[in-house]
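Novice: query.cif is the file, holding mmCIF, C-alpha atoms and all ligand atoms:
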```cif
data_final
loop_
_atom_site.label_atom_id
_atom_site.label_comp_id
_atom_site.auth_asym_id
_atom_site.auth_seq_id
_atom_site.Cartn_x
_atom_site.Cartn_y
_atom_site.Cartn_z
CA MET A 21 19.26 -15.51 14.41
CA VAL A 22 18.32 -12.05 13.13
CA SER A 23 16.38 -11.64 9.90
CA ASN A 24 17.21 -8.65 7.75
CA ILE A 25 14.20 -7.76 5.64
CA LEU A 26 14.16 -5.46 2.60
CA ILE A 27 10.88 -3.85 1.56
CA THR A 28 11.09 -2.23 -1.87
CA GLY A 29 8.50 0.26 -3.15
CA ALA A 30 8.00 1.20 0.50
CA ASN A 31 6.28 4.50 -0.35
CA GLY A 32 3.58 2.89 -2.50
CA GLN A 33 0.18 1.72 -1.28
CA LEU A 34 1.20 -1.77 -0.17
CA GLY A 35 4.70 -0.77 0.95
CA SER A 36 3.27 2.00 3.16
CA GLU A 37 0.74 -0.39 4.71
CA LEU A 38 3.53 -2.83 5.53
CA LYS A 39 5.61 -0.03 7.03
CA PHE A 40 2.65 1.12 9.14
CA LEU A 41 1.85 -2.38 10.42
CA LEU A 42 5.46 -3.37 11.06
CA ARG A 43 6.14 -0.19 13.01
CA ARG A 44 3.27 -0.91 15.40
CA GLU A 45 4.64 -1.93 18.75
CA ASN A 46 3.24 -5.36 19.44
CA ARG A 47 4.39 -7.16 16.33
CA THR A 48 4.67 -10.93 16.31
CA THR A 49 7.66 -12.53 18.03
CA ALA A 50 9.19 -13.46 14.70
CA PHE A 51 9.40 -9.81 13.63
CA LYS A 52 10.63 -8.47 16.96
CA SER A 53 14.14 -9.64 16.18
CA ALA A 54 14.10 -8.46 12.55
CA ASN A 55 15.95 -5.49 11.03
CA LEU A 56 13.74 -3.77 8.49
CA PHE A 57 15.07 -1.85 5.48
CA TYR A 58 12.49 0.29 3.68
CA THR A 59 13.50 1.57 0.26
CA ASP A 60 11.84 3.27 -2.69
CA GLN A 61 13.26 4.40 -6.01
CA GLU A 62 15.45 7.11 -4.43
CA GLU A 63 17.25 4.81 -2.03
CA LEU A 64 17.34 1.71 -4.26
CA ASP A 65 16.39 1.66 -7.92
CA ILE A 66 15.52 -2.00 -8.40
CA THR A 67 16.07 -1.78 -12.16
CA ASP A 68 19.81 -1.42 -11.36
CA LEU A 69 21.17 -4.97 -10.93
CA LYS A 70 24.50 -3.88 -9.40
CA ALA A 71 22.77 -1.67 -6.84
CA VAL A 72 20.34 -4.46 -5.91
CA GLU A 73 23.07 -7.09 -5.55
CA SER A 74 25.24 -4.77 -3.49
CA PHE A 75 22.35 -3.75 -1.18
CA VAL A 76 21.28 -7.35 -0.55
CA LYS A 77 24.87 -8.53 0.12
CA THR A 78 26.00 -5.56 2.22
CA ASN A 79 22.94 -5.73 4.46
CA SER A 80 22.80 -9.55 4.65
CA ILE A 81 19.19 -9.51 3.52
CA SER A 82 17.34 -12.78 4.13
CA ILE A 83 13.85 -11.73 2.98
CA ILE A 84 12.95 -9.35 0.14
CA ILE A 85 9.35 -8.12 -0.12
CA ASN A 86 8.95 -6.48 -3.52
CA CYS A 87 6.11 -3.94 -3.40
CA ALA A 88 7.65 -1.81 -6.18
CA ALA A 89 6.04 -1.78 -9.61
CA TYR A 90 4.97 0.37 -12.54
CA THR A 91 1.22 0.47 -11.85
CA ALA A 92 -0.11 3.16 -14.24
CA VAL A 93 -2.05 0.66 -16.36
CA ASP A 94 -3.18 3.07 -19.12
CA ARG A 95 0.05 5.09 -19.27
CA ALA A 96 1.93 1.81 -19.69
CA GLU A 97 0.48 1.51 -23.21
CA ASP A 98 2.54 4.61 -24.14
CA GLU A 99 5.59 3.75 -22.00
CA PRO A 100 6.13 0.02 -22.60
CA GLU A 101 9.93 0.20 -22.14
CA LEU A 102 9.78 1.81 -18.72
CA CYS A 103 6.95 -0.50 -17.66
CA GLU A 104 8.98 -3.52 -18.78
CA LYS A 105 12.05 -2.29 -16.91
CA VAL A 106 10.23 -2.00 -13.59
CA ASN A 107 7.83 -4.94 -13.90
CA SER A 108 9.97 -7.52 -15.72
CA LEU A 109 13.67 -6.61 -15.43
CA ALA A 110 13.57 -5.49 -11.78
CA PRO A 111 11.97 -8.72 -10.46
CA ARG A 112 14.69 -10.53 -12.41
CA ASN A 113 17.35 -8.49 -10.56
CA LEU A 114 15.72 -9.19 -7.21
CA ALA A 115 15.40 -12.89 -8.00
CA LYS A 116 19.11 -13.10 -8.93
CA ALA A 117 20.16 -11.31 -5.74
CA ALA A 118 17.79 -13.47 -3.65
CA LYS A 119 19.23 -16.67 -5.11
CA ASP A 120 22.84 -15.57 -4.50
CA SER A 121 22.04 -14.76 -0.86
CA GLU A 122 19.69 -17.72 -0.29
CA ALA A 123 17.02 -15.16 0.57
CA LEU A 124 13.26 -15.53 0.29
CA LEU A 125 11.70 -13.27 -2.36
CA ILE A 126 8.06 -12.28 -1.90
CA HIS A 127 6.92 -10.72 -5.16
CA ILE A 128 3.51 -9.15 -5.88
CA SER A 129 1.73 -9.71 -9.17
CA THR A 130 -1.70 -9.07 -10.59
CA ASP A 131 -5.02 -10.44 -11.87
CA TYR A 132 -4.17 -8.63 -15.15
CA VAL A 133 -2.04 -11.63 -16.16
CA PHE A 134 -5.38 -13.28 -17.08
CA ASP A 135 -7.49 -12.33 -20.08
CA GLY A 136 -10.64 -12.32 -17.96
CA ASN A 137 -12.71 -14.48 -20.27
CA GLY A 138 -12.94 -17.43 -17.87
CA PRO A 139 -16.30 -18.35 -16.34
CA LEU A 140 -14.86 -19.47 -12.97
CA PRO A 141 -12.51 -17.98 -10.35
CA TYR A 142 -8.93 -18.23 -11.61
CA LYS A 143 -6.63 -20.78 -10.01
CA GLU A 144 -2.87 -20.21 -9.77
CA SER A 145 -2.25 -22.86 -12.43
CA ASP A 146 -4.68 -21.40 -14.99
CA THR A 147 -3.26 -20.23 -18.31
CA ARG A 148 -2.13 -16.62 -18.31
CA GLU A 149 -3.19 -14.53 -21.29
CA PRO A 150 -2.46 -10.87 -20.48
CA LYS A 151 -4.10 -8.29 -22.75
CA SER A 152 -2.28 -5.10 -21.72
CA VAL A 153 1.32 -3.89 -21.57
CA TYR A 154 1.04 -3.84 -17.78
CA GLY A 155 -0.27 -7.43 -17.70
CA VAL A 156 2.37 -8.71 -20.14
CA THR A 157 5.22 -7.12 -18.19
CA LYS A 158 3.91 -8.43 -14.86
CA ALA A 159 3.65 -11.95 -16.34
CA LYS A 160 7.28 -11.68 -17.51
CA GLY A 161 8.25 -10.57 -13.99
CA GLU A 162 6.60 -13.71 -12.59
CA ASP A 163 8.50 -15.86 -15.12
CA ALA A 164 11.83 -14.32 -14.09
CA VAL A 165 11.16 -14.94 -10.40
CA ILE A 166 10.08 -18.56 -11.01
CA LYS A 167 13.10 -19.21 -13.23
CA LEU A 168 15.80 -17.54 -11.15
CA ALA A 169 14.84 -17.58 -7.48
CA ASP A 170 15.07 -20.74 -5.41
CA ARG A 171 12.90 -19.45 -2.58
CA TYR A 172 9.98 -17.40 -3.77
CA ILE A 173 6.36 -16.57 -3.05
CA ILE A 174 4.46 -14.77 -5.82
CA ILE A 175 1.15 -13.27 -4.71
CA ARG A 176 -1.29 -12.13 -7.40
CA THR A 177 -3.70 -9.55 -6.09
CA SER A 178 -6.48 -7.37 -7.55
CA TRP A 179 -8.19 -3.97 -7.18
CA LEU A 180 -5.81 -2.82 -4.44
CA TYR A 181 -6.72 0.21 -2.33
CA SER A 182 -5.28 1.84 0.74
CA LYS A 183 -5.30 5.04 2.74
CA TYR A 184 -1.98 5.80 1.02
CA GLY A 185 -1.61 6.89 -2.61
CA ASN A 186 -4.32 7.19 -5.23
CA ASN A 187 -6.89 4.53 -5.88
CA PHE A 188 -10.50 3.86 -6.91
CA VAL A 189 -11.86 4.12 -3.36
CA LYS A 190 -10.36 7.56 -2.79
CA THR A 191 -11.49 8.80 -6.22
CA ILE A 192 -15.10 7.63 -5.85
CA SER A 193 -15.28 8.78 -2.24
CA LYS A 194 -14.17 12.28 -3.26
CA LEU A 195 -16.35 12.48 -6.40
CA SER A 196 -19.42 11.20 -4.57
CA CYS A 197 -19.14 14.18 -2.23
CA GLU A 198 -18.72 16.65 -5.11
CA LYS A 199 -21.16 15.42 -7.76
CA PRO A 200 -24.89 14.66 -7.78
CA SER A 201 -24.34 11.54 -9.90
CA LEU A 202 -21.58 9.23 -11.14
CA THR A 203 -21.46 6.52 -13.79
CA VAL A 204 -19.40 3.39 -13.14
CA VAL A 205 -18.93 0.23 -15.21
CA PHE A 206 -20.93 -2.81 -14.12
CA ASP A 207 -19.59 -5.34 -16.65
CA GLN A 208 -16.12 -5.76 -15.13
CA ILE A 209 -16.23 -8.24 -12.28
CA GLY A 210 -13.54 -8.90 -9.69
CA THR A 211 -12.69 -8.53 -6.01
CA PRO A 212 -11.25 -5.54 -4.17
CA THR A 213 -8.26 -5.94 -1.86
CA HIS A 214 -7.67 -3.73 1.15
CA ALA A 215 -3.88 -3.33 1.28
CA THR A 216 -3.96 -3.70 5.09
CA ASP A 217 -5.32 -7.25 4.69
CA LEU A 218 -2.74 -8.16 2.06
CA ALA A 219 0.04 -6.68 4.21
CA GLU A 220 -1.18 -8.76 7.19
CA ALA A 221 -1.09 -11.89 5.01
CA ILE A 222 2.48 -11.09 3.88
CA ILE A 223 3.55 -10.56 7.50
CA GLU A 224 2.01 -13.92 8.43
CA ILE A 225 3.88 -15.69 5.61
CA CYS A 226 7.16 -14.02 6.64
CA SER A 227 6.58 -14.96 10.28
CA GLN A 228 6.08 -18.60 9.33
CA TYR A 229 9.24 -18.48 7.21
CA ILE A 230 11.32 -16.83 9.98
CA THR A 231 10.06 -19.38 12.53
CA LYS A 232 11.00 -22.22 10.19
CA ILE A 233 14.53 -20.83 9.69
CA GLU A 234 15.02 -20.09 13.40
CA LYS A 235 13.90 -23.57 14.39
CA LYS A 236 16.05 -25.05 11.59
CA SER A 237 12.95 -27.01 10.61
CA GLN A 238 13.46 -29.53 7.82
CA ALA A 239 9.82 -29.23 6.73
CA GLN A 240 9.43 -27.98 3.15
CA PHE A 241 8.26 -24.35 3.01
CA PRO A 242 5.36 -23.99 0.53
CA TYR A 243 7.10 -21.77 -2.02
CA GLY A 244 5.12 -20.96 -5.18
CA VAL A 245 2.40 -18.81 -6.75
CA TYR A 246 -0.64 -17.69 -4.75
CA HIS A 247 -3.79 -15.60 -5.13
CA TYR A 248 -4.91 -13.05 -2.57
CA SER A 249 -7.82 -10.60 -2.61
CA ASN A 250 -10.62 -10.02 -0.16
CA GLU A 251 -13.50 -12.52 -0.17
CA GLY A 252 -16.60 -11.96 -2.29
CA VAL A 253 -17.24 -10.77 -5.83
CA CYS A 254 -18.53 -7.49 -7.24
CA SER A 255 -18.51 -5.15 -10.22
CA TRP A 256 -16.82 -1.74 -10.06
CA TYR A 257 -20.37 -0.34 -9.95
CA ASP A 258 -21.27 -2.41 -6.84
CA PHE A 259 -18.00 -1.38 -5.25
CA ALA A 260 -18.66 2.29 -6.03
CA LEU A 261 -22.18 2.05 -4.52
CA ASP A 262 -20.69 0.90 -1.22
CA ILE A 263 -17.93 3.51 -1.32
CA ALA A 264 -20.46 6.28 -1.92
CA ALA A 265 -22.71 4.94 0.86
CA ASN A 266 -19.71 5.09 3.24
CA SER A 267 -18.85 8.64 2.07
CA CYS A 268 -21.43 11.39 1.51
CA ASN A 269 -24.30 9.10 0.53
CA GLU A 270 -26.01 11.84 -1.49
CA CYS A 271 -24.64 10.94 -4.89
CA LYS A 272 -26.53 8.71 -7.33
CA VAL A 273 -24.25 5.97 -8.69
CA LEU A 274 -25.39 4.75 -12.11
CA PRO A 275 -24.27 1.59 -13.97
CA VAL A 276 -22.76 1.83 -17.49
CA THR A 277 -21.10 -0.66 -19.81
CA SER A 278 -17.35 -0.56 -20.51
CA GLU A 279 -18.21 0.47 -24.09
CA LYS A 280 -19.25 3.85 -22.69
CA PHE A 281 -16.01 4.14 -20.74
CA PRO A 282 -13.17 3.44 -23.20
CA THR A 283 -9.68 3.12 -21.69
CA LYS A 284 -6.27 2.82 -23.35
CA ALA A 285 -5.46 -0.51 -21.74
CA LYS A 286 -7.74 -3.52 -22.03
CA ARG A 287 -9.05 -4.74 -18.66
CA PRO A 288 -10.05 -8.32 -17.86
CA PRO A 289 -13.88 -8.41 -17.75
CA TYR A 290 -13.81 -11.17 -15.11
CA SER A 291 -10.81 -11.48 -12.81
CA VAL A 292 -12.09 -13.17 -9.67
CA MET A 293 -9.31 -15.30 -8.16
CA ASP A 294 -9.59 -18.54 -6.22
CA LYS A 295 -7.80 -18.10 -2.88
CA SER A 296 -8.10 -21.66 -1.53
CA LYS A 297 -4.35 -22.31 -1.90
CA ILE A 298 -3.11 -19.40 0.23
CA LYS A 299 -5.78 -19.98 2.88
CA LYS A 300 -4.84 -23.65 3.21
CA SER A 301 -1.05 -23.32 2.93
CA PHE A 302 -0.66 -20.54 5.51
CA ALA A 303 -3.86 -20.93 7.58
CA ILE A 304 -4.96 -17.41 6.60
CA THR A 305 -8.50 -16.11 7.10
CA ILE A 306 -9.60 -13.49 4.59
CA PRO A 307 -12.24 -10.85 5.33
CA HIS A 308 -15.10 -10.07 2.91
CA TRP A 309 -14.49 -6.95 0.79
CA ARG A 310 -17.48 -5.17 2.37
CA GLU A 311 -16.17 -5.71 5.89
CA SER A 312 -12.71 -4.51 4.84
CA LEU A 313 -14.14 -1.41 3.18
CA LYS A 314 -15.85 -0.55 6.49
CA HIS A 315 -12.53 -1.01 8.29
CA TYR A 316 -10.90 1.27 5.74
CA PHE A 317 -13.42 4.07 6.36
CA ASN A 318 -13.14 3.59 10.14
CA SER A 319 -9.34 3.73 9.98
CA ILE A 320 -9.22 6.94 7.95
CA GLU A 321 -11.62 8.55 10.43
CA ILE A 322 -9.54 7.48 13.42
CA ASN A 323 -6.24 8.47 11.83
CA ASN A 324 -7.63 11.62 10.21
CA TYR A 325 -6.42 10.85 6.66
N1 LIG A 401 -2.84 -0.96 -7.46
C1 LIG A 401 -3.58 -1.99 -7.84
O1 LIG A 401 -4.81 -1.88 -8.05
C2 LIG A 401 -2.95 -3.34 -8.02
C3 LIG A 401 -3.74 -4.40 -8.48
C4 LIG A 401 -3.15 -5.65 -8.64
C5 LIG A 401 -1.82 -5.84 -8.34
N2 LIG A 401 -1.06 -4.78 -7.92
C6 LIG A 401 0.36 -5.02 -7.63
O2 LIG A 401 0.55 -4.81 -6.25
C7 LIG A 401 1.86 -4.30 -6.00
C8 LIG A 401 1.78 -3.05 -5.15
O3 LIG A 401 1.00 -2.08 -5.86
P1 LIG A 401 0.76 -0.62 -5.27
O4 LIG A 401 -0.58 -0.19 -5.72
O5 LIG A 401 1.13 -0.57 -3.83
O6 LIG A 401 1.83 0.18 -6.12
P2 LIG A 401 2.16 1.75 -6.06
O7 LIG A 401 1.34 2.41 -5.03
O8 LIG A 401 2.14 2.25 -7.46
O9 LIG A 401 3.66 1.75 -5.52
C9 LIG A 401 4.72 1.27 -6.28
C10 LIG A 401 5.99 1.87 -5.74
O10 LIG A 401 7.08 1.37 -6.51
C11 LIG A 401 7.99 2.45 -6.70
N3 LIG A 401 8.87 2.23 -7.84
C12 LIG A 401 8.61 2.43 -9.16
N4 LIG A 401 9.71 2.19 -9.89
C13 LIG A 401 10.69 1.81 -9.02
C14 LIG A 401 12.06 1.46 -9.17
N5 LIG A 401 12.64 1.42 -10.36
N6 LIG A 401 12.76 1.14 -8.06
C15 LIG A 401 12.19 1.19 -6.85
N7 LIG A 401 10.90 1.53 -6.63
C16 LIG A 401 10.16 1.84 -7.70
C17 LIG A 401 7.06 3.61 -6.93
O11 LIG A 401 7.75 4.83 -6.80
P3 LIG A 401 7.28 6.10 -7.68
O12 LIG A 401 5.94 6.47 -7.15
O13 LIG A 401 8.35 7.09 -7.40
O14 LIG A 401 7.23 5.63 -9.12
C18 LIG A 401 6.03 3.40 -5.84
O15 LIG A 401 6.41 3.96 -4.60
C19 LIG A 401 2.49 -4.10 -7.38
O16 LIG A 401 3.26 -5.21 -7.70
C20 LIG A 401 1.30 -4.05 -8.32
O17 LIG A 401 1.63 -4.46 -9.62
C21 LIG A 401 -1.60 -3.56 -7.74
#
```
Starting from the file, give its structure as C-alpha cells.

Specialist:
Amino acid sequence: MVSNILITGANGQLGSELKFLLRRENRTTAFKSANLFYTDQEELDITDLKAVESFVKTNSISIIINCAAYTAVDRAEDEPELCEKVNSLAPRNLAKAAKDSEALLIHISTDYVFDGNGPLPYKESDTREPKSVYGVTKAKGEDAVIKLADRYIIIRTSWLYSKYGNNFVKTISKLSCEKPSLTVVFDQIGTPTHATDLAEAIIEICSQYITKIEKKSQAQFPYGVYHYSNEGVCSWYDFALDIAANSCNECKVLPVTSEKFPTKAKRPPYSVMDKSKIKKSFAITIPHWRESLKHYFNSIEINNY
C-alpha cells in the first residue's frame, strides 16, 4: 500500500528540513514507498477550503504534515485577521479534509499557547492561556484540529531554528561577527529546537503510522497532543552566548531584562515543555540543545550555507 503524503508550508524552516531529510537516499523502509507532495502558499493556499479538499481527494492523501503558519509574532499584533486565517482557519480546513479522507493530520503548534507564568515544565494537559495574537490563533488552530480530525497528532514546539529562513541563531551569529557587543534578554526561559531534530521526530511518527496501516495492525495509534523541543533549559542570553561562541567568538554578549527590550507581542517568560509523553509514546530520543546547536554549525559548514 502506497502512502501519499502532503507537506504544507514546505518552503518554511521546518518544511524545508523535512524536504531535505526525506530527499536523502537511505530513508526508512516506510517512506521508500511513499509519494511526497510538497506545497507552499503558491501551490496550495491552505486558507482555501475548496482547494485543500480538492488537493487531498485528487491526490489520495493519507498523511498531511502541516508546517505552514503565520509566524511573525510581533507583526501579528497589527494583522490579527491574516494571522487568524492562517493559524486558525487553515488548520480547520486541513482537519476537515483529513477527516473526509481518513487521513492522519500532523499539525505543529507552539509554546506561546501558554502564558509562561508556571513554575514547572508545561505538560500537554496544562491550561492554555495565550497572551499574544499569535498564541491565541495557534490555540484556536489546535481546537479546530482536535474537534474536527479523527486522526491527529499536534506537536507544540518552541524556539525553532534551522539553516533555512530567518531565526534567532542566524541573527545572533551574524551580529556577533559584526558588533563588539550585544545585549540579549536573560529573563525569558525556554528550550531551543533544531528543526532537523523535530523533522526527524515527525518522520519517525509517520513511519510508525505507515507501518501500522501497512500491517493492518489493530493496535490503537497514540493520537493526541505532544510537546517537542530539544532537551535542557536556557535563557535567550545563554543561547546567544553559545551561538556567539560557535560563530566569531569576539563579541561580548551582555544580559538585559525584557523591560529594556520592549516588543509588540507579549512573550511567555517561562515556556519550558515537558517532553515525557512524546519520548514514551514513540520511543524517541531527544538531543540536548547544546549538542544540536553544534550539529547545526557543523552542518552549515559542510553544506556551505
Ligand atoms: N519559528 C519558531 O520559532 C516557532 C516556534 C514555535 C512553534 N513554531 C511553529 O512551527 C511551525 C513551523 O514554523 P516555521 O518556523 O518553519 O515557519 P516558517 O518558516 O514561517 O514557514 C511557514 C511557511 O508557511 C507558509 N504559509 C503561510 N501562509 C500560508 C498559506 N495560506 N498557505 C500555505 N502556506 C502558507 C509560509 O509562506 P510565506 O513565507 O510565503 O508566508 C512559509 O513558507 C509553525 O506551525 C509555527 O507556528 C515555530

Novice: Measuring between all atoms listed in the file, which one of A:Gln238, A:Ser255, A:Thr59, A:Ser193 shows the shortest distance to ligand LIG 401 (chain A)?

Specialist: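 Among the listed residues, the smallest separation from ligand LIG 401 (chain A) belongs to A:Thr59.
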
Novice: Name the closest residue to ligand LIG 401 (chain A) among the candidates A:Ala50, A:Leu140, A:Leu218, A:Leu195; distances are taken between atoms, counting all atoms listed in the file.

Specialist: A:Leu218

Novice: Residues of chain A that have any atom at most 8 Å from an atom of ligand LIG 401 (chain A): could you tabulate them with the shortest-distance atom pair and the distance in Å to one decimal, using all atoms listed in the file, ordered by chain and increasing number, as a tab-separated table?

Specialist:
```
residue	atom	partner	partner_atom	distance
A:Thr28	CA	A:LIG401	N7	6.1
A:Gly29	CA	A:LIG401	O10	3.8
A:Ala30	CA	A:LIG401	O15	6.0
A:Asn31	CA	A:LIG401	O15	4.3
A:Gly32	CA	A:LIG401	O9	3.2
A:Gln33	CA	A:LIG401	O5	3.6
A:Leu34	CA	A:LIG401	O5	3.9
A:Gly35	CA	A:LIG401	O5	6.0
A:Ser36	CA	A:LIG401	O5	7.7
A:Thr59	CA	A:LIG401	C15	7.2
A:Asp60	CA	A:LIG401	N7	4.4
A:Gln61	CA	A:LIG401	C15	3.5
A:Glu62	CA	A:LIG401	C15	7.2
A:Glu63	CA	A:LIG401	C15	7.9
A:Leu64	CA	A:LIG401	C15	5.8
A:Asp65	CA	A:LIG401	N6	3.7
A:Ile66	CA	A:LIG401	N6	4.2
A:Thr67	CA	A:LIG401	N5	5.0
A:Asp68	CA	A:LIG401	N5	7.8
A:Asn86	CA	A:LIG401	O16	7.2
A:Cys87	CA	A:LIG401	C8	4.8
A:Ala88	CA	A:LIG401	O10	3.2
A:Ala89	CA	A:LIG401	O10	4.5
A:Tyr90	CA	A:LIG401	C12	5.4
A:Thr91	CA	A:LIG401	O8	4.8
A:Ala92	CA	A:LIG401	O8	7.2
A:Lys105	CA	A:LIG401	N5	7.6
A:Val106	CA	A:LIG401	N5	5.3
A:Asn107	CA	A:LIG401	O17	7.5
A:Ala110	CA	A:LIG401	N5	7.1
A:His127	CA	A:LIG401	O16	7.1
A:Ile128	CA	A:LIG401	O16	4.3
A:Ser129	CA	A:LIG401	O16	5.0
A:Thr130	CA	A:LIG401	C5	3.9
A:Asp131	CA	A:LIG401	C4	6.1
A:Tyr132	CA	A:LIG401	C4	7.2
A:Lys158	CA	A:LIG401	O17	7.0
A:Arg176	CA	A:LIG401	C5	6.4
A:Thr177	CA	A:LIG401	C4	4.7
A:Ser178	CA	A:LIG401	C4	3.9
A:Trp179	CA	A:LIG401	O1	4.1
A:Leu180	CA	A:LIG401	O1	3.9
A:Tyr181	CA	A:LIG401	O1	6.4
A:Tyr184	CA	A:LIG401	O7	7.7
A:Gly185	CA	A:LIG401	O7	5.9
A:Asn186	CA	A:LIG401	O7	7.4
A:Asn187	CA	A:LIG401	N1	7.0
A:Ala215	CA	A:LIG401	O5	7.7
```

Novice: Selected residues, C-alpha atoms, written as a PDB file, in the frame of the given file, please.

Specialist:
```pdb
ATOM      1  CA  THR A  28      11.090  -2.230  -1.870  1.00  0.00           C
ATOM      2  CA  GLY A  29       8.500   0.260  -3.150  1.00  0.00           C
ATOM      3  CA  ALA A  30       8.000   1.200   0.500  1.00  0.00           C
ATOM      4  CA  ASN A  31       6.280   4.500  -0.350  1.00  0.00           C
ATOM      5  CA  GLY A  32       3.580   2.890  -2.500  1.00  0.00           C
ATOM      6  CA  GLN A  33       0.180   1.720  -1.280  1.00  0.00           C
ATOM      7  CA  LEU A  34       1.200  -1.770  -0.170  1.00  0.00           C
ATOM      8  CA  GLY A  35       4.700  -0.770   0.950  1.00  0.00           C
ATOM      9  CA  SER A  36       3.270   2.000   3.160  1.00  0.00           C
ATOM     10  CA  THR A  59      13.500   1.570   0.260  1.00  0.00           C
ATOM     11  CA  ASP A  60      11.840   3.270  -2.690  1.00  0.00           C
ATOM     12  CA  GLN A  61      13.260   4.400  -6.010  1.00  0.00           C
ATOM     13  CA  GLU A  62      15.450   7.110  -4.430  1.00  0.00           C
ATOM     14  CA  GLU A  63      17.250   4.810  -2.030  1.00  0.00           C
ATOM     15  CA  LEU A  64      17.340   1.710  -4.260  1.00  0.00           C
ATOM     16  CA  ASP A  65      16.390   1.660  -7.920  1.00  0.00           C
ATOM     17  CA  ILE A  66      15.520  -2.000  -8.400  1.00  0.00           C
ATOM     18  CA  THR A  67      16.070  -1.780 -12.160  1.00  0.00           C
ATOM     19  CA  ASP A  68      19.810  -1.420 -11.360  1.00  0.00           C
ATOM     20  CA  ASN A  86       8.950  -6.480  -3.520  1.00  0.00           C
ATOM     21  CA  CYS A  87       6.110  -3.940  -3.400  1.00  0.00           C
ATOM     22  CA  ALA A  88       7.650  -1.810  -6.180  1.00  0.00           C
ATOM     23  CA  ALA A  89       6.040  -1.780  -9.610  1.00  0.00           C
ATOM     24  CA  TYR A  90       4.970   0.370 -12.540  1.00  0.00           C
ATOM     25  CA  THR A  91       1.220   0.470 -11.850  1.00  0.00           C
ATOM     26  CA  ALA A  92      -0.110   3.160 -14.240  1.00  0.00           C
ATOM     27  CA  LYS A 105      12.050  -2.290 -16.910  1.00  0.00           C
ATOM     28  CA  VAL A 106      10.230  -2.000 -13.590  1.00  0.00           C
ATOM     29  CA  ASN A 107       7.830  -4.940 -13.900  1.00  0.00           C
ATOM     30  CA  ALA A 110      13.570  -5.490 -11.780  1.00  0.00           C
ATOM     31  CA  HIS A 127       6.920 -10.720  -5.160  1.00  0.00           C
ATOM     32  CA  ILE A 128       3.510  -9.150  -5.880  1.00  0.00           C
ATOM     33  CA  SER A 129       1.730  -9.710  -9.170  1.00  0.00           C
ATOM     34  CA  THR A 130      -1.700  -9.070 -10.590  1.00  0.00           C
ATOM     35  CA  ASP A 131      -5.020 -10.440 -11.870  1.00  0.00           C
ATOM     36  CA  TYR A 132      -4.170  -8.630 -15.150  1.00  0.00           C
ATOM     37  CA  LYS A 158       3.910  -8.430 -14.860  1.00  0.00           C
ATOM     38  CA  ARG A 176      -1.290 -12.130  -7.400  1.00  0.00           C
ATOM     39  CA  THR A 177      -3.700  -9.550  -6.090  1.00  0.00           C
ATOM     40  CA  SER A 178      -6.480  -7.370  -7.550  1.00  0.00           C
ATOM     41  CA  TRP A 179      -8.190  -3.970  -7.180  1.00  0.00           C
ATOM     42  CA  LEU A 180      -5.810  -2.820  -4.440  1.00  0.00           C
ATOM     43  CA  TYR A 181      -6.720   0.210  -2.330  1.00  0.00           C
ATOM     44  CA  TYR A 184      -1.980   5.800   1.020  1.00  0.00           C
ATOM     45  CA  GLY A 185      -1.610   6.890  -2.610  1.00  0.00           C
ATOM     46  CA  ASN A 186      -4.320   7.190  -5.230  1.00  0.00           C
ATOM     47  CA  ASN A 187      -6.890   4.530  -5.880  1.00  0.00           C
ATOM     48  CA  ALA A 215      -3.880  -3.330   1.280  1.00  0.00           C
TER      49      ALA A 215
END
```

Novice: Would you mind reading off the distance between CA of Glu104 (chain A) and CA of Lys116 (chain A), one decimal, in Å?

Specialist: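 Computed distance, CA of Glu104 (chain A) to CA of Lys116 (chain A), equals 17.1 Å.
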
Novice: Rounded to one decimal, what separation in Å do you get between CA of Tyr246 (chain A) and CA of Cys103 (chain A)?

Specialist: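 Distance between the two atoms: 22.8 Å.
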
Novice: Where atoms are absent from region 171-181 of chain A, fill them in so it carries N, CA and C atoms, then output it as a PDB file, in the coordinates of the input.

Specialist:
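Written file, part-v5.pdb:
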```pdb
ATOM      1  N   ARG A 171      13.922 -19.591  -3.628  1.00  0.00           N
ATOM      2  CA  ARG A 171      12.900 -19.450  -2.580  1.00  0.00           C
ATOM      3  C   ARG A 171      12.026 -18.265  -2.927  1.00  0.00           C
ATOM      4  N   TYR A 172      10.837 -18.523  -3.405  1.00  0.00           N
ATOM      5  CA  TYR A 172       9.980 -17.400  -3.770  1.00  0.00           C
ATOM      6  C   TYR A 172       8.515 -17.658  -3.439  1.00  0.00           C
ATOM      7  N   ILE A 173       7.815 -16.561  -3.182  1.00  0.00           N
ATOM      8  CA  ILE A 173       6.360 -16.570  -3.050  1.00  0.00           C
ATOM      9  C   ILE A 173       5.884 -15.459  -3.985  1.00  0.00           C
ATOM     10  N   ILE A 174       5.066 -15.801  -4.964  1.00  0.00           N
ATOM     11  CA  ILE A 174       4.460 -14.770  -5.820  1.00  0.00           C
ATOM     12  C   ILE A 174       3.000 -14.668  -5.401  1.00  0.00           C
ATOM     13  N   ILE A 175       2.557 -13.450  -5.095  1.00  0.00           N
ATOM     14  CA  ILE A 175       1.150 -13.270  -4.710  1.00  0.00           C
ATOM     15  C   ILE A 175       0.463 -12.379  -5.747  1.00  0.00           C
ATOM     16  N   ARG A 176      -0.493 -12.949  -6.472  1.00  0.00           N
ATOM     17  CA  ARG A 176      -1.290 -12.130  -7.400  1.00  0.00           C
ATOM     18  C   ARG A 176      -2.442 -11.510  -6.611  1.00  0.00           C
ATOM     19  N   THR A 177      -2.606 -10.214  -6.775  1.00  0.00           N
ATOM     20  CA  THR A 177      -3.700  -9.550  -6.090  1.00  0.00           C
ATOM     21  C   THR A 177      -4.510  -8.715  -7.083  1.00  0.00           C
ATOM     22  N   SER A 178      -5.621  -8.128  -6.619  1.00  0.00           N
ATOM     23  CA  SER A 178      -6.480  -7.370  -7.550  1.00  0.00           C
ATOM     24  C   SER A 178      -7.125  -6.169  -6.848  1.00  0.00           C
ATOM     25  N   TRP A 179      -7.404  -5.132  -7.615  1.00  0.00           N
ATOM     26  CA  TRP A 179      -8.190  -3.970  -7.180  1.00  0.00           C
ATOM     27  C   TRP A 179      -7.713  -3.443  -5.809  1.00  0.00           C
ATOM     28  N   LEU A 180      -6.426  -3.212  -5.717  1.00  0.00           N
ATOM     29  CA  LEU A 180      -5.810  -2.820  -4.440  1.00  0.00           C
ATOM     30  C   LEU A 180      -6.166  -1.381  -4.063  1.00  0.00           C
ATOM     31  N   TYR A 181      -6.509  -1.161  -2.807  1.00  0.00           N
ATOM     32  CA  TYR A 181      -6.720   0.210  -2.330  1.00  0.00           C
ATOM     33  C   TYR A 181      -6.178   0.334  -0.912  1.00  0.00           C
TER      34      TYR A 181
END
```
